[in-house]
Every structure is written in structure tokens, then in C-alpha cells.
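Colleague: Quick one: the structure is below, and I'll ask about it shortly.
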Amino acid sequence: MAPPVSTGRDAPTLAATPAEGALRRSKARYRILGLLAVGTMINYLDRTVLGIAAPQLTRELGINAALMGLIFSAFSWSYVVAQIPGGVFLDRFGSKVTYYLAMTLWSMCTLVQGFVGSVGALLACRLGLGVAESPCFPTNSRVVATWFPQQERAFATGTYTVGEYVGLAFFSPFLFALMGAYGWRSLFYVVGGVGIAFGLVWWCFYREPHDHPGANRAELDYIEAGGGLAKHDKKADADKAQAADGKKGFDWRMAGKLLRKRQLAGICLGQFAGNSTLVFFLTWFPTYLATERHMGWLKIGFFAIMPFIAASIGVMFGGTFSDWMLRRGLSANVARKLPIIAGLLLASTIILANFVQSNVAVIAILSVAFFAQGMAALGWTLVSDIAPAGMLGLTGGIFNLAANLAGIITPLVVGVIVGATGSFVWALAFIGTIALVGAASYIFVVGDIKRIEL
């Protein structure tokens, strides 16, 4: 049996023996990725369960379409405003603390929504939810950049991103059945309680690479060789990171310099476009099926599965295809941008749902559009690729701020259109047009995918 091999960063260098030379890489990074995927799934259940509850909730609280659009949008007001402070908090306190606090707080905000009796209380809960969720995706991006070499980052990003869709795809029938049996308030009790419990799981099991008992030297070397942040001298790295980021404080001028770089500006506009399609499905989709297509609860629960399953497949296909092209020697420009551009172009076909009568055909068109949006969900991989050294949290915060303006604008525009016309026809036209604008941004604005130098 081979002698034990130290996995610590400061382990002494020993002469390699044949057994050591043949040491197989551990796979601790995949367990960390599993935590991210489950956390992201809960994140999206918490922010979108209101969309499932909306048809019942609006009747009980007397909310019209325009006001419901405002309530859907309220989450993103505080979510966007808190992005840069959330990124700075992440850079200062690290992934473990940030994610634990965020998940616990946002889950509490979700649970409290089950007790509201007025529009004002509901708005307050949605605003609190937005603040608490703001560091989530910058943390996801930081964890992927820390734990994964560049050639695996699109796969890793796709895997945790699929959690956005899997939760709603496979839990929608259960949630609709729960609402039918116990009312809309029960949704918030259940989803909020699950999130609080998982926050404890994250706190117990998340570790940085150099501290993870399951990561051996072979895996750490593999991560480092691929550009991950698993350096050997953890104390020196921590000191350097603090000197570069947290200790010097936040500088708005640095954020302005980042936004003037075409790589970041272009992917922000592209992500805004992709998020517009996503936000429609996360907010207005159940109402669209109930009011425009006149489906009952059981039929909505069944049909709602299809687009989210399609989006899950699209996310995994886009990430896997991107990494495959990178391994085949294609440039990051092609490997990262091609799936996103193709996805945004295909997502614009959502407009075709206006021209068919069959519910089956409508769900098929929406499934294709949501599959395509999933393909385009690689923006966070590009953040890892272009962020300046020591500024991943800030860069991710800016990116998420700009991208999630879709969460403010899209629900409001859809609500105003539906309230004014009594139909979703022009709402779907709006979503399709924005997708085309996003594709144009990646083609003409983004330029070369390379690390930004400031």
C-alpha cells in the first residue's frame, strides 16, 4: 500500500515514488459543484415560487396585471442595487460565509411571504429577498474559478446553472398540487424551510481547495495548472488577495473603468437579453398558460415541466459543447461565444407562439425557445475568463447588476402590455426582439475573450 500523501498546501516536497506518481486525482471539486447546483436550484425556487402562486394570490389580494408586474419586478430592484455591495462583501469575507448568510436570509424572506396580507408587506418581502440573493451568482462564479481549471469551467457553470431549471421542472407538479390542496401560502412555507435547512448543509460541507479533506495533491495541481486559484501557499495568497481587494476598500472609479471595457459591456447587454427570456418563464409563464391558453391547474403543472426540462438540456449542451470546442483547440472567442449567439438567435422564435392555436404546438415552441436560452446561459463562464486579477467579486457584481436589469424591466413591460391589451401577443414579441439584440451584442460588441488588464 502506498504511504499516505499530504493534501495540505504547505506539505514538504518529497521525491516521487512510483505509487505517488500514479496517484489518481480526487474529485472533491464535483462534490463542491453538487452543493452549488442544489443551492442554485433553491435560489430560483425562492425567487420564482411567487409566479406559481400568482393566479391564486392575485385573486385573494385583489392585484391586477400591471400591479403584479410591479411586484414581480420589485425583487430585482433591490437585487440589482445590492450587486456591487454584494460583490465587495464576497471579496472581503469569502465564499463560505457569504453564501451561508445569503441563503439563510433569502429563505427567511421567502418563508415570511406566506404570512403577508397586503401588497405593501409582499413588496417588502420581495425587496428583502433581492438584497439577500444578490451575492449568490458572484459567489458561484468565484467558487468555479477557484475549484475548476479553465477547460472545465463551462461544464461547471452549466451544471450549477441547470439547477435554475431543474427545480421548477421537476417540482412544479408537486408545487401546483400543494397549492391546490393547501393554498398558495403553503408554497412559501415549504420552499423557505428547505432553504434554511440547506444553508446549514453548505456551512458544514463547503471548504476552499487547500482546506478540503477530500482534495488530494493531484487534484490541487490539476486545478492550479488549469488556471484555478488553488495556489500552494495559502497564507501568502490570502495576504495578497486582502491587500489587492478588501483592505484597500471599494473604489467607484474602478467599477467605471471595468464598465468601459467592451468585453464586460458586451456580455452585460447579452446577458440582459438572455435573462429577459428567463424572467418571462420565471414570472409570467404560469399566468400566460392560465389566462391566455385557459389551462386548468393540473394541465398547467404538466405543461410547465416541458420548457424547463428543455432549458436544463440546453444549459448542459451549451456548457459541454463550449468546453469540447476549447479542448479541440478552438479559441475562447469561438468556444464561448458561439453557443451564446446561437442560443439567443434561436430564443427569438418565442414569437411564433403567437401564430399557433394548438396548446401542444405552443408548448413545443416555448420549449425550443427556453432550450435556446439555456444554451446562452454561459455568461458567468466569461466573467471568470475576463475578470481582472483579484476583482472577480466586483466584476461579477457589475455583470449581475446589468444582466438583472431584465428582472426589473421585463416583468413591468409584460404587465403593462397585458394590462393594456388583455393579451400576451405583444409581450412575446418584446421578448423575441430583445433576444436578437443580445445576439448582436455578442457578435459586434464583445470582441476578444481575454482577461481585462487595468
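All residue names refer to the C-alpha cells as shown: chains lettered A, B, ... in order, residues numbered from 1 in each chain, ligands numbered from 1 in order.
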Pick out the residues sitting within 7 Å of stretch 154-170 of chain A, and hand them over as a VMD selection string; count only C-alpha atoms, and ignore anything fewer than 4 positions along from it in its own chain.
Modeller: chain A and resid 33 36 to 38 40 to 41 44 to 45 144 304 to 305 308 to 309 311 to 312 315 to 316 319 to 320 322 to 323 378 380 to 381
Colleague: Since we have the selection now, will you write its residues out, keeping N, CA and C atoms, as a PDB file, in the first residue's frame?
Modeller:
ATOM      1  N   LEU A  33     -19.336  21.209  -6.620  1.00  0.00           N
ATOM      2  CA  LEU A  33     -20.259  21.583  -7.693  1.00  0.00           C
ATOM      3  C   LEU A  33     -21.682  21.125  -7.374  1.00  0.00           C
ATOM      4  N   LEU A  36     -23.227  23.669  -5.159  1.00  0.00           N
ATOM      5  CA  LEU A  36     -23.634  24.845  -5.925  1.00  0.00           C
ATOM      6  C   LEU A  36     -24.929  24.591  -6.682  1.00  0.00           C
ATOM      7  N   ALA A  37     -25.046  23.409  -7.290  1.00  0.00           N
ATOM      8  CA  ALA A  37     -26.236  23.096  -8.086  1.00  0.00           C
ATOM      9  C   ALA A  37     -27.488  23.085  -7.219  1.00  0.00           C
ATOM     10  N   VAL A  38     -27.408  22.454  -6.039  1.00  0.00           N
ATOM     11  CA  VAL A  38     -28.566  22.415  -5.148  1.00  0.00           C
ATOM     12  C   VAL A  38     -28.884  23.822  -4.627  1.00  0.00           C
ATOM     13  N   THR A  40     -28.288  26.668  -6.108  1.00  0.00           N
ATOM     14  CA  THR A  40     -28.868  27.457  -7.186  1.00  0.00           C
ATOM     15  C   THR A  40     -30.310  27.046  -7.442  1.00  0.00           C
ATOM     16  N   MET A  41     -30.596  25.760  -7.340  1.00  0.00           N
ATOM     17  CA  MET A  41     -31.971  25.291  -7.504  1.00  0.00           C
ATOM     18  C   MET A  41     -32.882  25.924  -6.450  1.00  0.00           C
ATOM     19  N   TYR A  44     -33.524  29.687  -7.118  1.00  0.00           N
ATOM     20  CA  TYR A  44     -34.539  30.005  -8.120  1.00  0.00           C
ATOM     21  C   TYR A  44     -35.940  29.601  -7.683  1.00  0.00           C
ATOM     22  N   LEU A  45     -36.059  28.559  -6.897  1.00  0.00           N
ATOM     23  CA  LEU A  45     -37.370  28.241  -6.342  1.00  0.00           C
ATOM     24  C   LEU A  45     -37.853  29.376  -5.450  1.00  0.00           C
ATOM     25  N   VAL A 144     -16.411  28.471  -8.846  1.00  0.00           N
ATOM     26  CA  VAL A 144     -15.994  27.773 -10.068  1.00  0.00           C
ATOM     27  C   VAL A 144     -14.578  28.175 -10.459  1.00  0.00           C
ATOM     28  N   ALA A 304     -46.029  22.855 -17.681  1.00  0.00           N
ATOM     29  CA  ALA A 304     -44.938  23.706 -17.197  1.00  0.00           C
ATOM     30  C   ALA A 304     -43.617  22.954 -17.124  1.00  0.00           C
ATOM     31  N   ILE A 305     -43.692  21.625 -17.033  1.00  0.00           N
ATOM     32  CA  ILE A 305     -42.465  20.833 -16.940  1.00  0.00           C
ATOM     33  C   ILE A 305     -41.638  20.942 -18.213  1.00  0.00           C
ATOM     34  N   PHE A 308     -38.991  23.782 -18.987  1.00  0.00           N
ATOM     35  CA  PHE A 308     -37.891  23.787 -18.021  1.00  0.00           C
ATOM     36  C   PHE A 308     -36.968  22.579 -18.221  1.00  0.00           C
ATOM     37  N   ILE A 309     -37.521  21.445 -18.604  1.00  0.00           N
ATOM     38  CA  ILE A 309     -36.668  20.307 -18.956  1.00  0.00           C
ATOM     39  C   ILE A 309     -35.831  20.652 -20.178  1.00  0.00           C
ATOM     40  N   ALA A 311     -34.893  23.615 -21.141  1.00  0.00           N
ATOM     41  CA  ALA A 311     -33.857  24.567 -20.738  1.00  0.00           C
ATOM     42  C   ALA A 311     -32.715  23.869 -20.010  1.00  0.00           C
ATOM     43  N   SER A 312     -33.036  22.866 -19.182  1.00  0.00           N
ATOM     44  CA  SER A 312     -31.994  22.113 -18.479  1.00  0.00           C
ATOM     45  C   SER A 312     -31.057  21.434 -19.478  1.00  0.00           C
ATOM     46  N   VAL A 315     -28.839  24.069 -21.181  1.00  0.00           N
ATOM     47  CA  VAL A 315     -27.721  24.518 -20.342  1.00  0.00           C
ATOM     48  C   VAL A 315     -26.566  23.526 -20.401  1.00  0.00           C
ATOM     49  N   MET A 316     -26.874  22.243 -20.222  1.00  0.00           N
ATOM     50  CA  MET A 316     -25.819  21.236 -20.228  1.00  0.00           C
ATOM     51  C   MET A 316     -25.187  21.097 -21.614  1.00  0.00           C
ATOM     52  N   GLY A 319     -22.843  24.247 -22.232  1.00  0.00           N
ATOM     53  CA  GLY A 319     -21.592  24.186 -21.477  1.00  0.00           C
ATOM     54  C   GLY A 319     -20.669  23.090 -21.960  1.00  0.00           C
ATOM     55  N   THR A 320     -21.225  21.899 -22.215  1.00  0.00           N
ATOM     56  CA  THR A 320     -20.407  20.777 -22.679  1.00  0.00           C
ATOM     57  C   THR A 320     -19.827  21.057 -24.061  1.00  0.00           C
ATOM     58  N   SER A 322     -19.240  23.978 -25.411  1.00  0.00           N
ATOM     59  CA  SER A 322     -18.230  25.026 -25.300  1.00  0.00           C
ATOM     60  C   SER A 322     -16.888  24.465 -24.833  1.00  0.00           C
ATOM     61  N   ASP A 323     -16.912  23.633 -23.777  1.00  0.00           N
ATOM     62  CA  ASP A 323     -15.670  23.036 -23.291  1.00  0.00           C
ATOM     63  C   ASP A 323     -15.063  22.092 -24.327  1.00  0.00           C
ATOM     64  N   LEU A 378     -24.127  30.996 -20.578  1.00  0.00           N
ATOM     65  CA  LEU A 378     -22.699  30.789 -20.295  1.00  0.00           C
ATOM     66  C   LEU A 378     -22.011  32.088 -19.871  1.00  0.00           C
ATOM     67  N   TRP A 380     -21.625  33.610 -17.104  1.00  0.00           N
ATOM     68  CA  TRP A 380     -20.766  33.565 -15.916  1.00  0.00           C
ATOM     69  C   TRP A 380     -19.425  32.913 -16.204  1.00  0.00           C
ATOM     70  N   THR A 381     -19.359  32.025 -17.183  1.00  0.00           N
ATOM     71  CA  THR A 381     -18.067  31.465 -17.582  1.00  0.00           C
ATOM     72  C   THR A 381     -17.178  32.562 -18.140  1.00  0.00           C
TER      73      THR A 381
END
Colleague: What is the atom CA of A:Trp324-atom CA of A:Leu258 distance in Å, reported with one decimal?
Modeller: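 Taking atom CA of A:Trp324 and atom CA of A:Leu258, their separation equals 29.4 Å.
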Colleague: Can you pull out every residue within 10 Å of stretch 265-274 of chain A, counting only C-alpha atoms, but drop anything in the same chain fewer than 3 positions away, and send it as a ChimeraX atom specification?
Modeller: /A:258-262,277-279,337,340-341,343-344,347-348,370,372-380,382-383,398-407,409-410,431-447
Colleague: From a DSSP calculation on the backbone, collect every residue of stretch 238-390 of chain A in helix (DSSP H, G or I) and output the set as a VMD selection string.
Modeller: chain A and resid 238 to 244 246 to 248 252 to 259 262 to 283 285 to 292 297 to 303 305 to 327 332 to 355 359 to 375 379 to 386
